[in-house]
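> Structure incoming, see below.
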Amino acid sequence: MATKKAGNKVNRTSAQSVRPDIVDVFIIILLAATLDIFVFWMATQFIASPVFQNLPAFVTGAFTGIWTSIATGTAGIGLVLVKYFGTTKTDRPNYFVYVAGTAAGLFAVILVLAIASIFVGQLGDGAKPPKPLPISGAFLLDIPPDGSEQIFNKESGNPYFSYSYQGTVALKGQNLEGTLKPSTFRTSAKFTPLPGQTLNAIAVKFCHWKWIGSAWSVDWSPLHNGVKNSAQINVPLTPNQTVPLPEVPFEIPVPSDADRAQSWLCVRLNFNDDGFIPFP
């Protein structure tokens with residue numbers, strides 16, 4: 001289509017056929033990325049996922065700087081864009097078409113990456129060896145969820161020491177609550193303590209197998225402070241010794257990733273040299 005202005009004939013090219021220059025490309029990518037981030041952010045609000053809620057600082061910082069400079073007219077990329085739109089450029093590309101196409105392309109790339117990561121993760125899971133069975137003789141925590149108390153009575157030991165532990169435990173909501181009764185820890189004549197070795201604490205733990213790095217390992221929970229599950233002892237160790245152990249009321253949160261049918265109750269005796277003896 002042609003128009004006349006001041007006696008001269010000026011040809012206007014269709015906006016769809018105008019090739020974007022470098023500034024146009026930057027504007028298109030900026031708007032498309034903003035649109036995709038907004039769409040994914042809205043989607044993650046409905047599924048309560050942290051994805052796209054905590055973006056990297058270099059992304060949030062860059063977008064904040066650009067939009068702030070556009071809004072305030074201060075120096076920066078935003079000011080360049082404002083001046084660019086203020087120029088009397090004869091023809092501009094159809095931003096709607098380019099932005100929509102670029103946003104759709106970025107959206108597809110993100111989905112492909114997400115699907116690929118899931119596929120790779122499944123391949124990694126398939127390469128894991130089967131999960132080991134719970135340790136022989138352990139008190140399994142596949143207990144009724146109605147809060148009824150279960151009684152445990154276990155013994156463990158070797159030629160160097162022995163330990164028996166009894167008590168009760170119940171599942172109350174997402175916590176295991178119970179009491180480890182007073183008991184004793186016995187050393188034999190073969191037991192040779194390290195210099196200054198002291199039995200300093202006893203703790204009740206929730207144990208289950210967890211894939212860590214490249215192997216199955218026993219996960220001891222909880223390891224953090226503030227959980228009611230331990231008591232201090234602080235008794236130096238010697239051969240042929242009987243150490244009285246205190247009653248330990250405990251309240252242990254059940255890990256969200258644990259299968260209770262494959263989990264068990266552990267008692268851990270800690271020493272002042274950071275060593276410990278697990279039962280079982």
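Following the order of the structure tokens, first chain is A, next is B, and so on, with residues numbered from 1 inside each chain and ligands from 1 in the order they appear.
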Name the residues of segment 88-232 of chain A that come out as alpha helix (DSSP H) in a backbone DSSP run; write them as a PDB file with all heavy atoms, in the first residue's frame.


ATOM      1  N   TYR A  95       5.576  -6.428  16.905  1.00  0.00           N
ATOM      2  CA  TYR A  95       6.082  -6.972  18.161  1.00  0.00           C
ATOM      3  C   TYR A  95       5.194  -8.095  18.694  1.00  0.00           C
ATOM      4  O   TYR A  95       5.680  -9.042  19.310  1.00  0.00           O
ATOM      5  CB  TYR A  95       6.202  -5.863  19.211  1.00  0.00           C
ATOM      6  CG  TYR A  95       7.393  -4.959  18.997  1.00  0.00           C
ATOM      7  CD1 TYR A  95       7.220  -3.615  18.669  1.00  0.00           C
ATOM      8  CD2 TYR A  95       8.691  -5.448  19.127  1.00  0.00           C
ATOM      9  CE1 TYR A  95       8.307  -2.783  18.471  1.00  0.00           C
ATOM     10  CE2 TYR A  95       9.786  -4.623  18.933  1.00  0.00           C
ATOM     11  CZ  TYR A  95       9.589  -3.292  18.605  1.00  0.00           C
ATOM     12  OH  TYR A  95      10.670  -2.480  18.408  1.00  0.00           O
ATOM     13  N   PHE A  96       3.883  -7.965  18.495  1.00  0.00           N
ATOM     14  CA  PHE A  96       2.974  -8.991  19.014  1.00  0.00           C
ATOM     15  C   PHE A  96       3.308 -10.361  18.426  1.00  0.00           C
ATOM     16  O   PHE A  96       3.395 -11.359  19.158  1.00  0.00           O
ATOM     17  CB  PHE A  96       1.525  -8.620  18.694  1.00  0.00           C
ATOM     18  CG  PHE A  96       0.535  -9.654  19.154  1.00  0.00           C
ATOM     19  CD1 PHE A  96       0.126  -9.707  20.476  1.00  0.00           C
ATOM     20  CD2 PHE A  96       0.023 -10.593  18.259  1.00  0.00           C
ATOM     21  CE1 PHE A  96      -0.784 -10.671  20.913  1.00  0.00           C
ATOM     22  CE2 PHE A  96      -0.872 -11.555  18.685  1.00  0.00           C
ATOM     23  CZ  PHE A  96      -1.279 -11.596  20.014  1.00  0.00           C
ATOM     24  N   VAL A  97       3.518 -10.410  17.124  1.00  0.00           N
ATOM     25  CA  VAL A  97       3.814 -11.691  16.471  1.00  0.00           C
ATOM     26  C   VAL A  97       5.162 -12.229  16.933  1.00  0.00           C
ATOM     27  O   VAL A  97       5.291 -13.408  17.299  1.00  0.00           O
ATOM     28  CB  VAL A  97       3.805 -11.515  14.936  1.00  0.00           C
ATOM     29  CG1 VAL A  97       4.283 -12.803  14.245  1.00  0.00           C
ATOM     30  CG2 VAL A  97       2.408 -11.141  14.459  1.00  0.00           C
ATOM     31  N   TYR A  98       6.179 -11.366  16.935  1.00  0.00           N
ATOM     32  CA  TYR A  98       7.522 -11.817  17.323  1.00  0.00           C
ATOM     33  C   TYR A  98       7.593 -12.229  18.799  1.00  0.00           C
ATOM     34  O   TYR A  98       8.215 -13.244  19.157  1.00  0.00           O
ATOM     35  CB  TYR A  98       8.551 -10.725  17.030  1.00  0.00           C
ATOM     36  CG  TYR A  98       8.950 -10.636  15.582  1.00  0.00           C
ATOM     37  CD1 TYR A  98       8.497  -9.606  14.764  1.00  0.00           C
ATOM     38  CD2 TYR A  98       9.785 -11.601  15.008  1.00  0.00           C
ATOM     39  CE1 TYR A  98       8.856  -9.524  13.434  1.00  0.00           C
ATOM     40  CE2 TYR A  98      10.164 -11.528  13.671  1.00  0.00           C
ATOM     41  CZ  TYR A  98       9.686 -10.485  12.888  1.00  0.00           C
ATOM     42  OH  TYR A  98      10.056 -10.419  11.569  1.00  0.00           O
ATOM     43  N   VAL A  99       6.971 -11.432  19.667  1.00  0.00           N
ATOM     44  CA  VAL A  99       6.995 -11.751  21.102  1.00  0.00           C
ATOM     45  C   VAL A  99       6.244 -13.047  21.376  1.00  0.00           C
ATOM     46  O   VAL A  99       6.720 -13.914  22.131  1.00  0.00           O
ATOM     47  CB  VAL A  99       6.398 -10.598  21.935  1.00  0.00           C
ATOM     48  CG1 VAL A  99       6.180 -11.027  23.389  1.00  0.00           C
ATOM     49  CG2 VAL A  99       7.315  -9.386  21.889  1.00  0.00           C
ATOM     50  N   ALA A 100       5.065 -13.210  20.736  1.00  0.00           N
ATOM     51  CA  ALA A 100       4.284 -14.437  20.949  1.00  0.00           C
ATOM     52  C   ALA A 100       5.056 -15.663  20.458  1.00  0.00           C
ATOM     53  O   ALA A 100       5.106 -16.699  21.135  1.00  0.00           O
ATOM     54  CB  ALA A 100       2.943 -14.335  20.235  1.00  0.00           C
ATOM     55  N   GLY A 101       5.677 -15.545  19.289  1.00  0.00           N
ATOM     56  CA  GLY A 101       6.443 -16.674  18.759  1.00  0.00           C
ATOM     57  C   GLY A 101       7.652 -17.011  19.619  1.00  0.00           C
ATOM     58  O   GLY A 101       7.936 -18.187  19.888  1.00  0.00           O
ATOM     59  N   THR A 102       8.378 -15.962  20.056  1.00  0.00           N
ATOM     60  CA  THR A 102       9.561 -16.199  20.903  1.00  0.00           C
ATOM     61  C   THR A 102       9.165 -16.789  22.250  1.00  0.00           C
ATOM     62  O   THR A 102       9.813 -17.702  22.761  1.00  0.00           O
ATOM     63  CB  THR A 102      10.327 -14.887  21.118  1.00  0.00           C
ATOM     64  OG1 THR A 102      10.671 -14.322  19.836  1.00  0.00           O
ATOM     65  CG2 THR A 102      11.598 -15.127  21.906  1.00  0.00           C
ATOM     66  N   ALA A 103       8.081 -16.262  22.840  1.00  0.00           N
ATOM     67  CA  ALA A 103       7.610 -16.791  24.124  1.00  0.00           C
ATOM     68  C   ALA A 103       7.204 -18.255  23.994  1.00  0.00           C
ATOM     69  O   ALA A 103       7.511 -19.081  24.869  1.00  0.00           O
ATOM     70  CB  ALA A 103       6.435 -15.961  24.641  1.00  0.00           C
ATOM     71  N   ALA A 104       6.527 -18.601  22.888  1.00  0.00           N
ATOM     72  CA  ALA A 104       6.140 -20.001  22.674  1.00  0.00           C
ATOM     73  C   ALA A 104       7.375 -20.887  22.518  1.00  0.00           C
ATOM     74  O   ALA A 104       7.417 -22.008  23.036  1.00  0.00           O
ATOM     75  CB  ALA A 104       5.257 -20.102  21.431  1.00  0.00           C
ATOM     76  N   GLY A 105       8.393 -20.376  21.808  1.00  0.00           N
ATOM     77  CA  GLY A 105       9.622 -21.147  21.648  1.00  0.00           C
ATOM     78  C   GLY A 105      10.333 -21.370  22.977  1.00  0.00           C
ATOM     79  O   GLY A 105      10.775 -22.488  23.275  1.00  0.00           O
ATOM     80  N   LEU A 106      10.455 -20.301  23.795  1.00  0.00           N
ATOM     81  CA  LEU A 106      11.081 -20.438  25.107  1.00  0.00           C
ATOM     82  C   LEU A 106      10.280 -21.383  26.003  1.00  0.00           C
ATOM     83  O   LEU A 106      10.840 -22.190  26.749  1.00  0.00           O
ATOM     84  CB  LEU A 106      11.197 -19.069  25.779  1.00  0.00           C
ATOM     85  CG  LEU A 106      12.186 -18.080  25.154  1.00  0.00           C
ATOM     86  CD1 LEU A 106      12.077 -16.718  25.845  1.00  0.00           C
ATOM     87  CD2 LEU A 106      13.608 -18.609  25.246  1.00  0.00           C
ATOM     88  N   PHE A 107       8.958 -21.284  25.912  1.00  0.00           N
ATOM     89  CA  PHE A 107       8.085 -22.164  26.697  1.00  0.00           C
ATOM     90  C   PHE A 107       8.344 -23.623  26.334  1.00  0.00           C
ATOM     91  O   PHE A 107       8.456 -24.486  27.209  1.00  0.00           O
ATOM     92  CB  PHE A 107       6.631 -21.797  26.422  1.00  0.00           C
ATOM     93  CG  PHE A 107       5.645 -22.447  27.348  1.00  0.00           C
ATOM     94  CD1 PHE A 107       5.267 -21.832  28.519  1.00  0.00           C
ATOM     95  CD2 PHE A 107       5.089 -23.680  27.035  1.00  0.00           C
ATOM     96  CE1 PHE A 107       4.360 -22.428  29.381  1.00  0.00           C
ATOM     97  CE2 PHE A 107       4.186 -24.289  27.891  1.00  0.00           C
ATOM     98  CZ  PHE A 107       3.811 -23.664  29.061  1.00  0.00           C
ATOM     99  N   ALA A 108       8.456 -23.900  25.035  1.00  0.00           N
ATOM    100  CA  ALA A 108       8.697 -25.274  24.584  1.00  0.00           C
ATOM    101  C   ALA A 108      10.061 -25.776  25.056  1.00  0.00           C
ATOM    102  O   ALA A 108      10.207 -26.925  25.469  1.00  0.00           O
ATOM    103  CB  ALA A 108       8.597 -25.337  23.059  1.00  0.00           C
ATOM    104  N   VAL A 109      11.080 -24.905  25.004  1.00  0.00           N
ATOM    105  CA  VAL A 109      12.419 -25.303  25.446  1.00  0.00           C
ATOM    106  C   VAL A 109      12.413 -25.644  26.938  1.00  0.00           C
ATOM    107  O   VAL A 109      13.002 -26.649  27.372  1.00  0.00           O
ATOM    108  CB  VAL A 109      13.435 -24.174  25.165  1.00  0.00           C
ATOM    109  CG1 VAL A 109      14.767 -24.468  25.845  1.00  0.00           C
ATOM    110  CG2 VAL A 109      13.647 -24.028  23.661  1.00  0.00           C
ATOM    111  N   ILE A 110      11.727 -24.822  27.740  1.00  0.00           N
ATOM    112  CA  ILE A 110      11.668 -25.082  29.182  1.00  0.00           C
ATOM    113  C   ILE A 110      10.962 -26.405  29.459  1.00  0.00           C
ATOM    114  O   ILE A 110      11.389 -27.195  30.304  1.00  0.00           O
ATOM    115  CB  ILE A 110      10.963 -23.918  29.906  1.00  0.00           C
ATOM    116  CG1 ILE A 110      11.810 -22.645  29.805  1.00  0.00           C
ATOM    117  CG2 ILE A 110      10.700 -24.257  31.372  1.00  0.00           C
ATOM    118  CD1 ILE A 110      11.122 -21.409  30.338  1.00  0.00           C
ATOM    119  N   LEU A 111       9.866 -26.677  28.728  1.00  0.00           N
ATOM    120  CA  LEU A 111       9.149 -27.941  28.923  1.00  0.00           C
ATOM    121  C   LEU A 111      10.016 -29.132  28.536  1.00  0.00           C
ATOM    122  O   LEU A 111      10.022 -30.165  29.214  1.00  0.00           O
ATOM    123  CB  LEU A 111       7.859 -27.941  28.102  1.00  0.00           C
ATOM    124  CG  LEU A 111       6.720 -27.059  28.602  1.00  0.00           C
ATOM    125  CD1 LEU A 111       5.501 -27.201  27.705  1.00  0.00           C
ATOM    126  CD2 LEU A 111       6.357 -27.420  30.035  1.00  0.00           C
ATOM    127  N   VAL A 112      10.754 -28.999  27.428  1.00  0.00           N
ATOM    128  CA  VAL A 112      11.640 -30.092  27.000  1.00  0.00           C
ATOM    129  C   VAL A 112      12.705 -30.356  28.058  1.00  0.00           C
ATOM    130  O   VAL A 112      13.012 -31.506  28.377  1.00  0.00           O
ATOM    131  CB  VAL A 112      12.286 -29.756  25.637  1.00  0.00           C
ATOM    132  CG1 VAL A 112      13.399 -30.740  25.312  1.00  0.00           C
ATOM    133  CG2 VAL A 112      11.236 -29.792  24.536  1.00  0.00           C
ATOM    134  N   LEU A 113      13.286 -29.283  28.605  1.00  0.00           N
ATOM    135  CA  LEU A 113      14.302 -29.449  29.652  1.00  0.00           C
ATOM    136  C   LEU A 113      13.704 -30.114  30.886  1.00  0.00           C
ATOM    137  O   LEU A 113      14.338 -30.964  31.520  1.00  0.00           O
ATOM    138  CB  LEU A 113      14.893 -28.086  30.019  1.00  0.00           C
ATOM    139  CG  LEU A 113      15.787 -27.432  28.959  1.00  0.00           C
ATOM    140  CD1 LEU A 113      16.207 -26.039  29.417  1.00  0.00           C
ATOM    141  CD2 LEU A 113      17.026 -28.285  28.687  1.00  0.00           C
ATOM    142  N   ALA A 114      12.458 -29.730  31.250  1.00  0.00           N
ATOM    143  CA  ALA A 114      11.811 -30.328  32.421  1.00  0.00           C
ATOM    144  C   ALA A 114      11.554 -31.814  32.203  1.00  0.00           C
ATOM    145  O   ALA A 114      11.818 -32.647  33.082  1.00  0.00           O
ATOM    146  CB  ALA A 114      10.497 -29.601  32.710  1.00  0.00           C
ATOM    147  N   ILE A 115      11.055 -32.169  31.013  1.00  0.00           N
ATOM    148  CA  ILE A 115      10.789 -33.576  30.708  1.00  0.00           C
ATOM    149  C   ILE A 115      12.086 -34.367  30.677  1.00  0.00           C
ATOM    150  O   ILE A 115      12.167 -35.497  31.170  1.00  0.00           O
ATOM    151  CB  ILE A 115      10.036 -33.688  29.361  1.00  0.00           C
ATOM    152  CG1 ILE A 115       8.645 -33.067  29.491  1.00  0.00           C
ATOM    153  CG2 ILE A 115       9.922 -35.152  28.930  1.00  0.00           C
ATOM    154  CD1 ILE A 115       7.900 -32.965  28.185  1.00  0.00           C
ATOM    155  N   ALA A 116      13.127 -33.772  30.095  1.00  0.00           N
ATOM    156  CA  ALA A 116      14.422 -34.454  30.029  1.00  0.00           C
ATOM    157  C   ALA A 116      14.986 -34.690  31.424  1.00  0.00           C
ATOM    158  O   ALA A 116      15.542 -35.753  31.703  1.00  0.00           O
ATOM    159  CB  ALA A 116      15.406 -33.631  29.189  1.00  0.00           C
ATOM    160  N   SER A 117      14.833 -33.707  32.333  1.00  0.00           N
ATOM    161  CA  SER A 117      15.350 -33.880  33.686  1.00  0.00           C
ATOM    162  C   SER A 117      14.610 -34.993  34.414  1.00  0.00           C
ATOM    163  O   SER A 117      15.205 -35.769  35.166  1.00  0.00           O
ATOM    164  CB  SER A 117      15.236 -32.568  34.464  1.00  0.00           C
ATOM    165  OG  SER A 117      13.885 -32.216  34.667  1.00  0.00           O
ATOM    166  N   ILE A 118      13.285 -35.089  34.193  1.00  0.00           N
ATOM    167  CA  ILE A 118      12.507 -36.175  34.805  1.00  0.00           C
ATOM    168  C   ILE A 118      12.958 -37.522  34.270  1.00  0.00           C
ATOM    169  O   ILE A 118      13.126 -38.491  35.005  1.00  0.00           O
ATOM    170  CB  ILE A 118      11.003 -35.957  34.551  1.00  0.00           C
ATOM    171  CG1 ILE A 118      10.527 -34.696  35.274  1.00  0.00           C
ATOM    172  CG2 ILE A 118      10.195 -37.174  35.010  1.00  0.00           C
ATOM    173  CD1 ILE A 118       9.100 -34.315  34.954  1.00  0.00           C
ATOM    174  N   PHE A 119      13.177 -37.581  32.947  1.00  0.00           N
ATOM    175  CA  PHE A 119      13.608 -38.836  32.316  1.00  0.00           C
ATOM    176  C   PHE A 119      14.982 -39.266  32.825  1.00  0.00           C
ATOM    177  O   PHE A 119      15.198 -40.425  33.162  1.00  0.00           O
ATOM    178  CB  PHE A 119      13.636 -38.652  30.797  1.00  0.00           C
ATOM    179  CG  PHE A 119      14.079 -39.877  30.045  1.00  0.00           C
ATOM    180  CD1 PHE A 119      13.247 -40.974  29.928  1.00  0.00           C
ATOM    181  CD2 PHE A 119      15.342 -39.934  29.467  1.00  0.00           C
ATOM    182  CE1 PHE A 119      13.659 -42.114  29.242  1.00  0.00           C
ATOM    183  CE2 PHE A 119      15.760 -41.053  28.785  1.00  0.00           C
ATOM    184  CZ  PHE A 119      14.910 -42.154  28.663  1.00  0.00           C
ATOM    185  N   VAL A 120      15.892 -38.298  32.920  1.00  0.00           N
ATOM    186  CA  VAL A 120      17.231 -38.611  33.423  1.00  0.00           C
ATOM    187  C   VAL A 120      17.163 -39.049  34.877  1.00  0.00           C
ATOM    188  O   VAL A 120      17.859 -39.975  35.307  1.00  0.00           O
ATOM    189  CB  VAL A 120      18.162 -37.391  33.265  1.00  0.00           C
ATOM    190  CG1 VAL A 120      19.484 -37.622  33.980  1.00  0.00           C
ATOM    191  CG2 VAL A 120      18.413 -37.105  31.787  1.00  0.00           C
ATOM    192  N   GLY A 121      16.298 -38.377  35.672  1.00  0.00           N
ATOM    193  CA  GLY A 121      16.143 -38.768  37.065  1.00  0.00           C
ATOM    194  C   GLY A 121      15.606 -40.182  37.208  1.00  0.00           C
ATOM    195  O   GLY A 121      16.041 -40.948  38.066  1.00  0.00           O
ATOM    196  N   GLN A 122      14.662 -40.559  36.322  1.00  0.00           N
ATOM    197  CA  GLN A 122      14.124 -41.916  36.362  1.00  0.00           C
ATOM    198  C   GLN A 122      15.173 -42.942  35.974  1.00  0.00           C
ATOM    199  O   GLN A 122      15.220 -44.037  36.535  1.00  0.00           O
ATOM    200  CB  GLN A 122      12.911 -42.021  35.441  1.00  0.00           C
ATOM    201  CG  GLN A 122      11.692 -41.268  35.952  1.00  0.00           C
ATOM    202  CD  GLN A 122      10.536 -41.319  34.978  1.00  0.00           C
ATOM    203  OE1 GLN A 122      10.703 -41.640  33.795  1.00  0.00           O
ATOM    204  NE2 GLN A 122       9.349 -40.984  35.459  1.00  0.00           N
ATOM    205  N   LEU A 123      16.024 -42.575  35.011  1.00  0.00           N
ATOM    206  CA  LEU A 123      17.115 -43.485  34.647  1.00  0.00           C
ATOM    207  C   LEU A 123      18.053 -43.684  35.828  1.00  0.00           C
ATOM    208  O   LEU A 123      18.523 -44.795  36.090  1.00  0.00           O
ATOM    209  CB  LEU A 123      17.894 -42.926  33.449  1.00  0.00           C
ATOM    210  CG  LEU A 123      17.191 -42.977  32.090  1.00  0.00           C
ATOM    211  CD1 LEU A 123      18.092 -42.365  31.024  1.00  0.00           C
ATOM    212  CD2 LEU A 123      16.841 -44.411  31.715  1.00  0.00           C
ATOM    213  N   GLY A 124      18.333 -42.561  36.560  1.00  0.00           N
ATOM    214  CA  GLY A 124      19.205 -42.676  37.725  1.00  0.00           C
ATOM    215  C   GLY A 124      18.585 -43.537  38.811  1.00  0.00           C
ATOM    216  O   GLY A 124      19.248 -44.348  39.448  1.00  0.00           O
ATOM    217  N   ASP A 125      17.250 -43.384  39.005  1.00  0.00           N
ATOM    218  CA  ASP A 125      16.572 -44.207  39.999  1.00  0.00           C
ATOM    219  C   ASP A 125      16.602 -45.669  39.619  1.00  0.00           C
ATOM    220  O   ASP A 125      16.733 -46.549  40.457  1.00  0.00           O
ATOM    221  CB  ASP A 125      15.117 -43.744  40.172  1.00  0.00           C
ATOM    222  CG  ASP A 125      15.038 -42.366  40.823  1.00  0.00           C
ATOM    223  OD1 ASP A 125      16.026 -41.978  41.468  1.00  0.00           O
ATOM    224  OD2 ASP A 125      14.002 -41.700  40.674  1.00  0.00           O
ATOM    225  N   GLY A 126      16.469 -45.929  38.306  1.00  0.00           N
ATOM    226  CA  GLY A 126      16.487 -47.314  37.864  1.00  0.00           C
ATOM    227  C   GLY A 126      17.837 -47.972  38.046  1.00  0.00           C
ATOM    228  O   GLY A 126      17.934 -49.193  38.113  1.00  0.00           O
TER     229      GLY A 126
END

> Find the residues around segment 177-179 of chain A up to 9 Å (only C-alpha atoms counted), leave out those fewer than 5 positions away in its own chain, and share them as a ChimeraX atom specification.

/A:149-150,166-172,247-253

> In terms of the shortest atom-to-atom distance over only C-alpha atoms, which of A:Asn94, A:Thr44, A:Thr198, A:Asn229 is closest to Ile28 of chain A?

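Smallest distance to Ile28 of chain A is found for A:Asn94.
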
> Using only C-alpha atoms, which residues sit within 6 Å of segment 156-160 of chain A once same-chain residues fewer than 4 positions away are excluded, as JSON, numbers by chain?

{"A": [187, 188, 190, 191]}

> To one decimal in Å, tell me the separation between atom CA of Phe185 of chain A and atom CA of Ala258 of chain A.

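Going from atom CA of Phe185 of chain A over to atom CA of Ala258 of chain A, I get 29.7 Å.
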
> For a test of reading the model, state the distance in Å between atom CA of Leu194 of chain A and atom CA of Pro278 of chain A, rounded to one decimal.

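Going from atom CA of Leu194 of chain A over to atom CA of Pro278 of chain A covers 18.0 Å.
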
> Which distance in Å separates atom CA of Thr184 of chain A and atom CA of Val204 of chain A, to one decimal?

15.1 Å

> Which neighbours of His208 of chain A fall inside 6 Å, counting only C-alpha atoms, when residues of the same chain fewer than 2 positions from it are skipped, and could you give them as a list in words?

Val218, Asp219 and Ser263 of chain A

> Find the spatial neighbours of segment 136-140 of chain A, counting only C-alpha atoms, within a cut-off of 10 Å - ignore same-chain residues fewer than 2 positions away - and output them as JSON, numbers by chain.

{"A": [133, 134, 142, 143, 151, 152, 153, 154, 155, 156, 206, 207, 208, 260, 261, 262, 263, 264, 265, 266, 279, 280]}

> Can you write just those residues out, N, CA, C and O atoms, as a short mmCIF file (atom, residue, chain, number, x, y, z; two decimals), in the first residue's frame?


data_model
loop_
_atom_site.label_atom_id
_atom_site.label_comp_id
_atom_site.auth_asym_id
_atom_site.auth_seq_id
_atom_site.Cartn_x
_atom_site.Cartn_y
_atom_site.Cartn_z
N LEU A 133 16.83 -54.58 53.22
CA LEU A 133 15.82 -54.84 54.23
C LEU A 133 16.21 -54.15 55.53
O LEU A 133 17.39 -53.87 55.76
N PRO A 134 15.23 -53.88 56.40
CA PRO A 134 15.59 -53.33 57.72
C PRO A 134 16.54 -54.27 58.44
O PRO A 134 16.55 -55.47 58.21
N ASP A 142 6.20 -49.82 61.59
CA ASP A 142 4.92 -49.92 60.90
C ASP A 142 3.84 -50.16 61.94
O ASP A 142 3.23 -51.24 62.04
N ILE A 143 3.61 -49.15 62.76
CA ILE A 143 2.71 -49.28 63.90
C ILE A 143 1.38 -48.59 63.58
O ILE A 143 1.32 -47.72 62.70
N ILE A 151 4.81 -51.92 72.62
CA ILE A 151 5.90 -52.22 73.55
C ILE A 151 7.09 -52.81 72.78
O ILE A 151 6.90 -53.68 71.92
N PHE A 152 8.29 -52.30 73.05
CA PHE A 152 9.48 -52.90 72.45
C PHE A 152 10.41 -53.38 73.56
O PHE A 152 10.51 -52.79 74.63
N ASN A 153 11.08 -54.49 73.29
CA ASN A 153 12.00 -55.11 74.25
C ASN A 153 13.11 -55.77 73.45
O ASN A 153 12.91 -56.85 72.87
N LYS A 154 14.26 -55.13 73.36
CA LYS A 154 15.33 -55.59 72.48
C LYS A 154 16.64 -55.75 73.23
O LYS A 154 16.88 -55.09 74.25
N GLU A 155 17.46 -56.62 72.71
CA GLU A 155 18.81 -56.83 73.27
C GLU A 155 19.81 -56.80 72.13
O GLU A 155 19.51 -57.21 71.01
N SER A 156 21.01 -56.32 72.41
CA SER A 156 22.06 -56.27 71.41
C SER A 156 23.40 -56.35 72.12
O SER A 156 23.51 -56.00 73.30
N PHE A 206 14.86 -42.26 64.68
CA PHE A 206 14.04 -42.87 63.65
C PHE A 206 14.99 -43.23 62.51
O PHE A 206 15.63 -42.36 61.92
N CYS A 207 15.10 -44.53 62.19
CA CYS A 207 16.07 -44.97 61.19
C CYS A 207 15.38 -45.56 59.97
O CYS A 207 14.39 -46.29 60.10
N HIS A 208 15.91 -45.24 58.81
CA HIS A 208 15.43 -45.85 57.56
C HIS A 208 16.51 -45.71 56.50
O HIS A 208 17.43 -44.90 56.62
N ARG A 260 7.27 -46.06 56.58
CA ARG A 260 7.24 -46.58 57.95
C ARG A 260 7.33 -48.10 57.99
O ARG A 260 7.83 -48.67 58.95
N ALA A 261 6.85 -48.75 56.94
CA ALA A 261 6.93 -50.22 56.91
C ALA A 261 8.37 -50.71 56.79
O ALA A 261 8.65 -51.86 57.10
N GLN A 262 9.26 -49.82 56.34
CA GLN A 262 10.67 -50.17 56.18
C GLN A 262 11.56 -49.37 57.13
O GLN A 262 12.76 -49.25 56.90
N SER A 263 10.98 -48.80 58.18
CA SER A 263 11.73 -47.99 59.14
C SER A 263 11.76 -48.68 60.49
O SER A 263 10.92 -49.53 60.79
N TRP A 264 12.71 -48.30 61.33
CA TRP A 264 12.85 -48.95 62.62
C TRP A 264 13.36 -47.97 63.67
O TRP A 264 13.86 -46.89 63.35
N LEU A 265 13.17 -48.36 64.94
CA LEU A 265 13.60 -47.53 66.06
C LEU A 265 15.06 -47.83 66.39
O LEU A 265 15.46 -48.99 66.48
N CYS A 266 15.86 -46.79 66.55
CA CYS A 266 17.27 -46.95 66.88
C CYS A 266 17.56 -46.28 68.22
O CYS A 266 16.96 -45.27 68.56
N PHE A 279 22.12 -49.15 68.13
CA PHE A 279 21.34 -50.34 68.45
C PHE A 279 20.00 -50.20 67.75
O PHE A 279 19.21 -49.34 68.14
N PRO A 280 19.64 -51.06 66.82
CA PRO A 280 20.58 -52.02 66.21
C PRO A 280 21.42 -51.31 65.17
O PRO A 280 21.12 -50.20 64.79
#
